[in-house]
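Source file: coords07.cif (mmCIF, C-alpha atoms, pLDDT in the B column; chains and numbers go by the auth columns)
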data_protein
#
loop_
_atom_site.group_PDB
_atom_site.id
_atom_site.type_symbol
_atom_site.label_atom_id
_atom_site.label_comp_id
_atom_site.label_asym_id
_atom_site.label_seq_id
_atom_site.Cartn_x
_atom_site.Cartn_y
_atom_site.Cartn_z
_atom_site.B_iso_or_equiv
_atom_site.auth_seq_id
_atom_site.auth_asym_id
ATOM 1 C CA MET A 1 0.000 0.000 0.000 79.00 1 A
ATOM 2 C CA LYS A 2 2.905 2.329 0.724 80.00 2 A
ATOM 3 C CA GLY A 3 3.979 2.164 -2.924 83.00 3 A
ATOM 4 C CA LEU A 4 0.476 3.081 -4.103 85.00 4 A
ATOM 5 C CA LEU A 5 0.365 6.040 -1.725 86.00 5 A
ATOM 6 C CA ILE A 6 3.730 7.254 -3.014 85.00 6 A
ATOM 7 C CA LYS A 7 2.495 6.859 -6.611 84.00 7 A
ATOM 8 C CA ASP A 8 -0.598 8.986 -5.960 84.00 8 A
ATOM 9 C CA TRP A 9 1.487 11.566 -4.074 85.00 9 A
ATOM 10 C CA LYS A 10 3.830 11.827 -7.063 82.00 10 A
ATOM 11 C CA LEU A 11 0.812 12.364 -9.312 79.00 11 A
ATOM 12 C CA LEU A 12 -0.321 15.135 -6.978 79.00 12 A
ATOM 13 C CA LYS A 13 3.120 16.780 -7.069 77.00 13 A
ATOM 14 C CA ASN A 14 3.055 16.757 -10.890 78.00 14 A
ATOM 15 C CA GLN A 15 -0.058 18.944 -10.666 73.00 15 A
ATOM 16 C CA GLY A 16 1.629 21.350 -8.251 69.00 16 A
ATOM 17 C CA ARG A 17 1.259 24.474 -10.385 74.00 17 A
ATOM 18 C CA PHE A 18 -2.427 23.784 -10.931 74.00 18 A
ATOM 19 C CA PHE A 19 -3.099 23.473 -7.208 72.00 19 A
ATOM 20 C CA LEU A 20 -1.041 26.594 -6.450 75.00 20 A
ATOM 21 C CA MET A 21 -3.266 28.496 -8.873 78.00 21 A
ATOM 22 C CA ILE A 22 -6.344 27.113 -7.118 74.00 22 A
ATOM 23 C CA LEU A 23 -4.937 28.138 -3.731 72.00 23 A
ATOM 24 C CA ALA A 24 -4.206 31.665 -4.998 73.00 24 A
ATOM 25 C CA ALA A 25 -7.697 31.966 -6.502 72.00 25 A
ATOM 26 C CA SER A 26 -9.306 30.847 -3.248 69.00 26 A
ATOM 27 C CA LEU A 27 -7.323 33.373 -1.180 69.00 27 A
ATOM 28 C CA ILE A 28 -8.574 36.373 -3.162 70.00 28 A
ATOM 29 C CA PRO A 29 -12.132 36.466 -1.699 66.00 29 A
ATOM 30 C CA LEU A 30 -10.697 35.634 1.732 63.00 30 A
ATOM 31 C CA PHE A 31 -8.662 38.848 1.822 63.00 31 A
ATOM 32 C CA PHE A 32 -11.056 41.180 0.014 63.00 32 A
ATOM 33 C CA SER A 33 -14.484 40.130 1.261 58.00 33 A
ATOM 34 C CA GLN A 34 -15.592 38.945 4.669 56.00 34 A
ATOM 35 C CA ASN A 35 -18.830 37.613 3.140 55.00 35 A
ATOM 36 C CA TYR A 36 -16.940 34.686 1.585 58.00 36 A
ATOM 37 C CA VAL A 37 -14.862 33.524 4.543 61.00 37 A
ATOM 38 C CA ASN A 38 -16.397 30.032 4.280 66.00 38 A
ATOM 39 C CA PHE A 39 -15.442 29.796 0.611 72.00 39 A
ATOM 40 C CA ILE A 40 -11.827 28.743 1.035 76.00 40 A
ATOM 41 C CA THR A 41 -12.622 25.782 3.300 78.00 41 A
ATOM 42 C CA SER A 42 -15.382 24.310 1.160 80.00 42 A
ATOM 43 C CA TYR A 43 -13.623 25.079 -2.127 80.00 43 A
ATOM 44 C CA LEU A 44 -10.178 23.675 -1.330 82.00 44 A
ATOM 45 C CA THR A 45 -11.554 20.595 0.424 86.00 45 A
ATOM 46 C CA PHE A 46 -13.807 19.749 -2.509 86.00 46 A
ATOM 47 C CA ILE A 47 -11.199 20.437 -5.216 84.00 47 A
ATOM 48 C CA PHE A 48 -8.572 18.242 -3.588 84.00 48 A
ATOM 49 C CA SER A 49 -11.190 15.546 -3.043 85.00 49 A
ATOM 50 C CA VAL A 50 -11.992 15.534 -6.748 85.00 50 A
ATOM 51 C CA PHE A 51 -8.304 14.964 -7.498 85.00 51 A
ATOM 52 C CA VAL A 52 -8.590 11.532 -5.843 85.00 52 A
ATOM 53 C CA LEU A 53 -11.011 10.554 -8.613 86.00 53 A
ATOM 54 C CA SER A 54 -8.568 11.754 -11.259 85.00 54 A
ATOM 55 C CA THR A 55 -5.959 9.309 -9.919 86.00 55 A
ATOM 56 C CA LEU A 56 -8.293 6.514 -11.023 85.00 56 A
ATOM 57 C CA SER A 57 -8.133 7.959 -14.517 82.00 57 A
ATOM 58 C CA TYR A 58 -4.325 8.031 -14.407 82.00 58 A
ATOM 59 C CA ASP A 59 -4.262 4.423 -13.190 81.00 59 A
ATOM 60 C CA SER A 60 -6.463 3.261 -16.060 80.00 60 A
ATOM 61 C CA TYR A 61 -4.527 5.128 -18.741 77.00 61 A
ATOM 62 C CA ASP A 62 -2.681 2.927 -21.249 73.00 62 A
ATOM 63 C CA ASN A 63 -3.648 -0.329 -19.487 76.00 63 A
ATOM 64 C CA GLY A 64 -2.159 0.932 -16.244 77.00 64 A
ATOM 65 C CA MET A 65 -4.499 -1.155 -14.079 81.00 65 A
ATOM 66 C CA ILE A 66 -3.266 -4.375 -15.676 79.00 66 A
ATOM 67 C CA PHE A 67 0.291 -3.392 -14.741 82.00 67 A
ATOM 68 C CA LEU A 68 -0.638 -2.365 -11.192 80.00 68 A
ATOM 69 C CA LEU A 69 -2.494 -5.611 -10.534 79.00 69 A
ATOM 70 C CA SER A 70 0.460 -7.601 -11.845 81.00 70 A
ATOM 71 C CA LEU A 71 2.464 -6.232 -8.914 80.00 71 A
ATOM 72 C CA PRO A 72 2.186 -7.732 -5.404 84.00 72 A
ATOM 73 C CA VAL A 73 -0.940 -5.627 -4.859 82.00 73 A
ATOM 74 C CA SER A 74 -4.365 -7.202 -4.414 87.00 74 A
ATOM 75 C CA ARG A 75 -7.548 -5.535 -5.565 89.00 75 A
ATOM 76 C CA ARG A 76 -8.664 -5.140 -1.969 91.00 76 A
ATOM 77 C CA ILE A 77 -5.421 -3.336 -1.069 91.00 77 A
ATOM 78 C CA TYR A 78 -5.850 -1.067 -4.102 91.00 78 A
ATOM 79 C CA VAL A 79 -9.309 -0.058 -2.873 92.00 79 A
ATOM 80 C CA GLN A 80 -8.026 0.427 0.674 92.00 80 A
ATOM 81 C CA GLU A 81 -5.303 2.737 -0.612 91.00 81 A
ATOM 82 C CA LYS A 82 -7.789 4.873 -2.536 93.00 82 A
ATOM 83 C CA TYR A 83 -9.968 5.344 0.535 94.00 83 A
ATOM 84 C CA LEU A 84 -6.952 6.080 2.733 93.00 84 A
ATOM 85 C CA PHE A 85 -5.558 8.553 0.188 92.00 85 A
ATOM 86 C CA SER A 86 -8.999 10.175 -0.048 91.00 86 A
ATOM 87 C CA LEU A 87 -9.101 10.659 3.707 91.00 87 A
ATOM 88 C CA LEU A 88 -5.546 11.997 3.891 91.00 88 A
ATOM 89 C CA LEU A 89 -5.930 14.398 0.982 89.00 89 A
ATOM 90 C CA ALA A 90 -9.359 15.749 1.937 90.00 90 A
ATOM 91 C CA SER A 91 -8.342 16.115 5.597 91.00 91 A
ATOM 92 C CA GLY A 92 -5.042 17.775 4.663 89.00 92 A
ATOM 93 C CA ALA A 93 -6.726 20.297 2.351 86.00 93 A
ATOM 94 C CA TRP A 94 -9.370 20.999 4.984 88.00 94 A
ATOM 95 C CA LEU A 95 -6.751 21.521 7.714 88.00 95 A
ATOM 96 C CA VAL A 96 -4.642 23.887 5.580 84.00 96 A
ATOM 97 C CA SER A 97 -7.697 25.938 4.615 82.00 97 A
ATOM 98 C CA LEU A 98 -8.810 26.016 8.245 81.00 98 A
ATOM 99 C CA ILE A 99 -5.430 27.372 9.374 81.00 99 A
ATOM 100 C CA LEU A 100 -5.523 30.008 6.631 77.00 100 A
ATOM 101 C CA ARG A 101 -9.031 31.089 7.608 76.00 101 A
ATOM 102 C CA VAL A 102 -8.228 31.379 11.297 74.00 102 A
ATOM 103 C CA SER A 103 -4.987 33.245 10.557 74.00 103 A
ATOM 104 C CA VAL A 104 -6.574 35.793 8.228 71.00 104 A
ATOM 105 C CA PHE A 105 -9.632 36.277 10.436 68.00 105 A
ATOM 106 C CA SER A 106 -7.420 36.713 13.499 67.00 106 A
ATOM 107 C CA LEU A 107 -5.510 39.487 11.734 68.00 107 A
ATOM 108 C CA ARG A 108 -8.792 41.264 11.035 64.00 108 A
ATOM 109 C CA SER A 109 -10.313 40.883 14.502 63.00 109 A
ATOM 110 C CA SER A 110 -9.088 38.513 17.219 57.00 110 A
ATOM 111 C CA LEU A 111 -8.121 34.878 17.632 55.00 111 A
ATOM 112 C CA PRO A 112 -11.202 33.903 19.737 58.00 112 A
ATOM 113 C CA GLU A 113 -13.503 35.351 17.079 55.00 113 A
ATOM 114 C CA GLY A 114 -11.528 33.543 14.399 54.00 114 A
ATOM 115 C CA LEU A 115 -11.923 30.230 16.210 57.00 115 A
ATOM 116 C CA ASN A 116 -15.622 30.891 16.724 57.00 116 A
ATOM 117 C CA GLU A 117 -16.059 31.344 12.963 59.00 117 A
ATOM 118 C CA VAL A 118 -14.853 27.826 12.165 67.00 118 A
ATOM 119 C CA LEU A 119 -17.093 25.835 14.511 69.00 119 A
ATOM 120 C CA MET A 120 -19.105 24.461 11.590 71.00 120 A
ATOM 121 C CA ASP A 121 -16.132 23.882 9.273 78.00 121 A
ATOM 122 C CA PRO A 122 -15.885 20.116 10.005 85.00 122 A
ATOM 123 C CA ILE A 123 -19.152 19.789 8.075 85.00 123 A
ATOM 124 C CA TYR A 124 -17.350 20.725 4.845 86.00 124 A
ATOM 125 C CA LEU A 125 -14.896 17.857 5.354 89.00 125 A
ATOM 126 C CA ILE A 126 -17.691 15.406 6.120 90.00 126 A
ATOM 127 C CA LEU A 127 -19.631 16.465 3.013 89.00 127 A
ATOM 128 C CA ALA A 128 -16.504 16.072 0.862 90.00 128 A
ATOM 129 C CA LEU A 129 -16.041 12.561 2.260 92.00 129 A
ATOM 130 C CA PHE A 130 -19.685 11.779 1.485 91.00 130 A
ATOM 131 C CA PHE A 131 -19.029 12.856 -2.108 92.00 131 A
ATOM 132 C CA LEU A 132 -16.007 10.558 -2.366 92.00 132 A
ATOM 133 C CA GLU A 133 -17.826 7.667 -0.726 91.00 133 A
ATOM 134 C CA TYR A 134 -20.500 7.490 -3.389 91.00 134 A
ATOM 135 C CA SER A 135 -18.204 8.565 -6.249 91.00 135 A
ATOM 136 C CA LEU A 136 -15.471 5.930 -5.829 93.00 136 A
ATOM 137 C CA PRO A 137 -17.782 2.929 -6.397 93.00 137 A
ATOM 138 C CA LEU A 138 -19.318 4.671 -9.416 92.00 138 A
ATOM 139 C CA HIS A 139 -15.903 5.309 -10.982 90.00 139 A
ATOM 140 C CA LEU A 140 -14.786 1.748 -10.372 89.00 140 A
ATOM 141 C CA LYS A 141 -18.022 0.345 -11.793 89.00 141 A
ATOM 142 C CA PHE A 142 -18.646 2.543 -14.833 88.00 142 A
ATOM 143 C CA GLY A 143 -15.216 3.924 -15.634 83.00 143 A
ATOM 144 C CA ASN A 144 -13.914 7.456 -15.330 81.00 144 A
ATOM 145 C CA GLU A 145 -16.025 9.290 -17.917 83.00 145 A
ATOM 146 C CA LYS A 146 -19.390 7.783 -16.998 87.00 146 A
ATOM 147 C CA GLY A 147 -18.451 7.763 -13.325 86.00 147 A
ATOM 148 C CA ARG A 148 -17.632 11.489 -13.395 85.00 148 A
ATOM 149 C CA ILE A 149 -20.929 12.284 -15.116 89.00 149 A
ATOM 150 C CA LEU A 150 -22.902 10.192 -12.632 89.00 150 A
ATOM 151 C CA SER A 151 -21.045 11.652 -9.633 88.00 151 A
ATOM 152 C CA PHE A 152 -21.766 15.259 -10.529 87.00 152 A
ATOM 153 C CA THR A 153 -25.293 14.429 -11.695 90.00 153 A
ATOM 154 C CA ILE A 154 -26.052 12.948 -8.287 90.00 154 A
ATOM 155 C CA LEU A 155 -24.426 15.960 -6.621 86.00 155 A
ATOM 156 C CA GLY A 156 -26.585 18.313 -8.694 87.00 156 A
ATOM 157 C CA LEU A 157 -29.750 16.345 -7.954 88.00 157 A
ATOM 158 C CA LEU A 158 -28.997 16.346 -4.235 86.00 158 A
ATOM 159 C CA ALA A 159 -28.396 20.108 -4.274 82.00 159 A
ATOM 160 C CA PHE A 160 -31.644 20.641 -6.194 83.00 160 A
ATOM 161 C CA ALA A 161 -33.565 18.383 -3.803 81.00 161 A
ATOM 162 C CA ILE A 162 -32.201 20.208 -0.743 75.00 162 A
ATOM 163 C CA PHE A 163 -33.011 23.578 -2.315 75.00 163 A
ATOM 164 C CA THR A 164 -36.543 22.422 -3.172 79.00 164 A
ATOM 165 C CA ILE A 165 -37.179 21.015 0.307 72.00 165 A
ATOM 166 C CA ALA A 166 -35.815 24.204 1.888 66.00 166 A
ATOM 167 C CA ARG A 167 -38.389 26.221 -0.071 72.00 167 A
ATOM 168 C CA THR A 168 -41.288 24.300 1.490 73.00 168 A
ATOM 169 C CA SER A 169 -42.776 25.260 4.835 64.00 169 A
ATOM 170 C CA GLN A 170 -41.708 21.963 6.438 65.00 170 A
ATOM 171 C CA GLY A 171 -38.185 22.387 5.098 60.00 171 A
ATOM 172 C CA PHE A 172 -38.031 25.946 6.404 59.00 172 A
ATOM 173 C CA LEU A 173 -39.091 24.762 9.863 66.00 173 A
ATOM 174 C CA LEU A 174 -36.481 21.993 9.739 65.00 174 A
ATOM 175 C CA LEU A 175 -33.716 24.448 8.809 64.00 175 A
ATOM 176 C CA SER A 176 -34.835 26.798 11.577 67.00 176 A
ATOM 177 C CA ALA A 177 -34.684 23.946 14.075 65.00 177 A
ATOM 178 C CA LEU A 178 -31.196 22.973 12.888 64.00 178 A
ATOM 179 C CA LYS A 179 -29.966 26.540 13.338 64.00 179 A
ATOM 180 C CA HIS A 180 -30.864 26.349 17.008 66.00 180 A
ATOM 181 C CA GLN A 181 -29.087 23.025 17.511 67.00 181 A
ATOM 182 C CA SER A 182 -25.588 22.810 18.900 71.00 182 A
ATOM 183 C CA PRO A 183 -22.987 22.577 16.089 71.00 183 A
ATOM 184 C CA LEU A 184 -21.378 19.687 17.951 78.00 184 A
ATOM 185 C CA ILE A 185 -24.578 17.620 17.829 81.00 185 A
ATOM 186 C CA ILE A 186 -24.958 18.173 14.081 80.00 186 A
ATOM 187 C CA ILE A 187 -21.309 17.297 13.439 84.00 187 A
ATOM 188 C CA VAL A 188 -21.518 14.114 15.552 86.00 188 A
ATOM 189 C CA ILE A 189 -24.653 12.935 13.702 86.00 189 A
ATOM 190 C CA LEU A 190 -23.123 13.636 10.281 87.00 190 A
ATOM 191 C CA LEU A 191 -19.865 11.973 11.309 90.00 191 A
ATOM 192 C CA PHE A 192 -21.734 8.838 12.411 93.00 192 A
ATOM 193 C CA LEU A 193 -23.600 8.696 9.090 91.00 193 A
ATOM 194 C CA CYS A 194 -20.334 9.306 7.221 92.00 194 A
ATOM 195 C CA ILE A 195 -18.591 6.394 8.968 93.00 195 A
ATOM 196 C CA LEU A 196 -21.591 4.127 8.349 94.00 196 A
ATOM 197 C CA PHE A 197 -21.706 5.076 4.678 93.00 197 A
ATOM 198 C CA LEU A 198 -17.926 4.608 4.454 93.00 198 A
ATOM 199 C CA GLY A 199 -18.239 0.961 5.413 94.00 199 A
ATOM 200 C CA ILE A 200 -20.971 0.384 2.825 94.00 200 A
ATOM 201 C CA SER A 201 -19.041 2.251 0.124 94.00 201 A
ATOM 202 C CA TYR A 202 -15.812 0.366 0.832 94.00 202 A
ATOM 203 C CA HIS A 203 -17.424 -3.067 0.602 94.00 203 A
ATOM 204 C CA LEU A 204 -19.189 -2.075 -2.625 94.00 204 A
ATOM 205 C CA SER A 205 -15.913 -0.871 -4.137 93.00 205 A
ATOM 206 C CA VAL A 206 -14.076 -4.073 -3.184 93.00 206 A
ATOM 207 C CA ARG A 207 -16.857 -6.210 -4.628 93.00 207 A
ATOM 208 C CA ILE A 208 -16.950 -4.181 -7.851 92.00 208 A
ATOM 209 C CA LEU A 209 -13.186 -4.303 -8.410 90.00 209 A
ATOM 210 C CA GLU A 210 -12.900 -8.013 -7.590 88.00 210 A
ATOM 211 C CA LYS A 211 -15.489 -8.825 -10.254 87.00 211 A
ATOM 212 C CA LYS A 212 -14.137 -6.406 -12.837 82.00 212 A
ATOM 213 C CA GLU A 213 -12.118 -7.689 -15.783 77.00 213 A
ATOM 214 C CA PHE A 214 -9.291 -5.698 -17.379 68.00 214 A
#
Same coordinates, now as structure tokens:
Amino acid sequence: MKGLLIKDWKLLKNQGRFFLMILAASLIPLFFSQNYVNFITSYLTFIFSVFVLSTLSYDSYDNGMIFLLSLPVSRRIYVQEKYLFSLLLASGAWLVSLILRVSVFSLRSSLPEGLNEVLMDPIYLILALFFLEYSLPLHLKFGNEKGRILSFTILGLLAFAIFTIARTSQGFLLLSALKHQSPLIIIVILLFLCILFLGISYHLSVRILEKKEF
């Protein structure tokens, strides 16, 4: 697994300029507008999470999967590495963006206020992990092109469904009730669901890859 992690890290380093551009673009609203302080955390976490899916495309290029599976690497280990790399990359991007947010906000006001602003930030990481958990099985099952289309189609449908429900009276009451809940309670519930979904997603991915022919 260590070799697979190094391989994906090397792929990430090859895209260094691209990610530096993304980081620079995300810092602009952070410095010039206080209305978009949440932008950097959600944006960077999601962008780096999407890169995990692109590593699947690199692995499949030019019969790469046949070569990888000819090495002393089982299909189960390959899936485990992808989930571990997903967690490391999404968590790392989230942590860096969190530090940047707190630092910039502390310069504008004070450190306690900066820390208070990021109480709900773990939700962005959990949502990014949810995205990866349903996207990885789709990419392994349908390939990179169809998997990418299905992943973002599902994401769009979920966003539309949430927006539609929020426009109803029941949805408005639900959102109002959530606003009065402790952030810790919401994060704990989402984290529990994320871990539960992770187990389901992992077993689906292993089953899909073990049955897939290359």
Hey, which of A:Val52, A:Leu100, A:Ile208, A:Leu129 ends up closest to Leu193 in chain A? Count all atoms listed in the file.
-> A:Leu129
For range 61-72 of chain A, take all atoms listed in the file, fit an axis-aligned box around them, add 4 Å to each of the six sides, then output centre and edge lengths in Å rounded to one decimal, as AutoDock Vina command-line options.
--center_x -1.0 --center_y -1.3 --center_z -13.3 --size_x 15.0 --size_y 20.9 --size_z 23.8
So what does the PyMOL selection byres ((chain A and resi 19) around 12) actually pick up in this one, as a ChimeraX atom specification?
-> /A:11-18,20-26,43-45,47-48,50-51,93
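Atom pair CA of Ser205 in chain A / CA of Trp9 in chain A has a distance of 21.4 Å (rounded to one decimal).
Excluding range 131-147 of chain A and any residue on its chain fewer than 6 positions from it, the residues at most 9 Å away by only C-alpha atoms are Phe46, Ser49, Val50, Val52, Leu53, Ser54, Leu56, Ser57, Ser60, Lys82, Tyr83, Ser86, Leu155, Cys194, Phe197, Leu198, Ile200, Ser201, Tyr202, Leu204, Ser205, Val206, Ile208, Leu209 and Lys212 of chain A.
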Those residues you just picked out, can you put them in a file as a PDB file, in the frame of the given file with C-alpha atoms?
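Generated file (selection.pdb):
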ATOM      1  CA  PHE A  46     -13.807  19.749  -2.509  1.00 86.00           C
ATOM      2  CA  SER A  49     -11.190  15.546  -3.043  1.00 85.00           C
ATOM      3  CA  VAL A  50     -11.992  15.534  -6.748  1.00 85.00           C
ATOM      4  CA  VAL A  52      -8.590  11.532  -5.843  1.00 85.00           C
ATOM      5  CA  LEU A  53     -11.011  10.554  -8.613  1.00 86.00           C
ATOM      6  CA  SER A  54      -8.568  11.754 -11.259  1.00 85.00           C
ATOM      7  CA  LEU A  56      -8.293   6.514 -11.023  1.00 85.00           C
ATOM      8  CA  SER A  57      -8.133   7.959 -14.517  1.00 82.00           C
ATOM      9  CA  SER A  60      -6.463   3.261 -16.060  1.00 80.00           C
ATOM     10  CA  LYS A  82      -7.789   4.873  -2.536  1.00 93.00           C
ATOM     11  CA  TYR A  83      -9.968   5.344   0.535  1.00 94.00           C
ATOM     12  CA  SER A  86      -8.999  10.175  -0.048  1.00 91.00           C
ATOM     13  CA  LEU A 155     -24.426  15.960  -6.621  1.00 86.00           C
ATOM     14  CA  CYS A 194     -20.334   9.306   7.221  1.00 92.00           C
ATOM     15  CA  PHE A 197     -21.706   5.076   4.678  1.00 93.00           C
ATOM     16  CA  LEU A 198     -17.926   4.608   4.454  1.00 93.00           C
ATOM     17  CA  ILE A 200     -20.971   0.384   2.825  1.00 94.00           C
ATOM     18  CA  SER A 201     -19.041   2.251   0.124  1.00 94.00           C
ATOM     19  CA  TYR A 202     -15.812   0.366   0.832  1.00 94.00           C
ATOM     20  CA  LEU A 204     -19.189  -2.075  -2.625  1.00 94.00           C
ATOM     21  CA  SER A 205     -15.913  -0.871  -4.137  1.00 93.00           C
ATOM     22  CA  VAL A 206     -14.076  -4.073  -3.184  1.00 93.00           C
ATOM     23  CA  ILE A 208     -16.950  -4.181  -7.851  1.00 92.00           C
ATOM     24  CA  LEU A 209     -13.186  -4.303  -8.410  1.00 90.00           C
ATOM     25  CA  LYS A 212     -14.137  -6.406 -12.837  1.00 82.00           C
TER      26      LYS A 212
END
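Between CA of Met65 in chain A and CA of Asp8 in chain A there is a distance of 13.6 Å.
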Rounded to one decimal in Å, what is the spacing between CA of Asp121 in chain A and CA of Ser103 in chain A?
-> 14.6 Å
For each of A:Ser42, A:Ile123, A:Lys10, A:Ile28, take the minimum atom-to-atom distance to Leu184 in chain A, counting all atoms listed in the file, then give the residue where this is smallest.
->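 Using all atoms listed in the file, Leu184 in chain A sits closest to A:Ile123.
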Nearest to Leu127 in chain A: which of A:Ala161, A:Ile187, A:Leu71, A:Leu150 is it, counting all atoms listed in the file?
-> A:Ile187
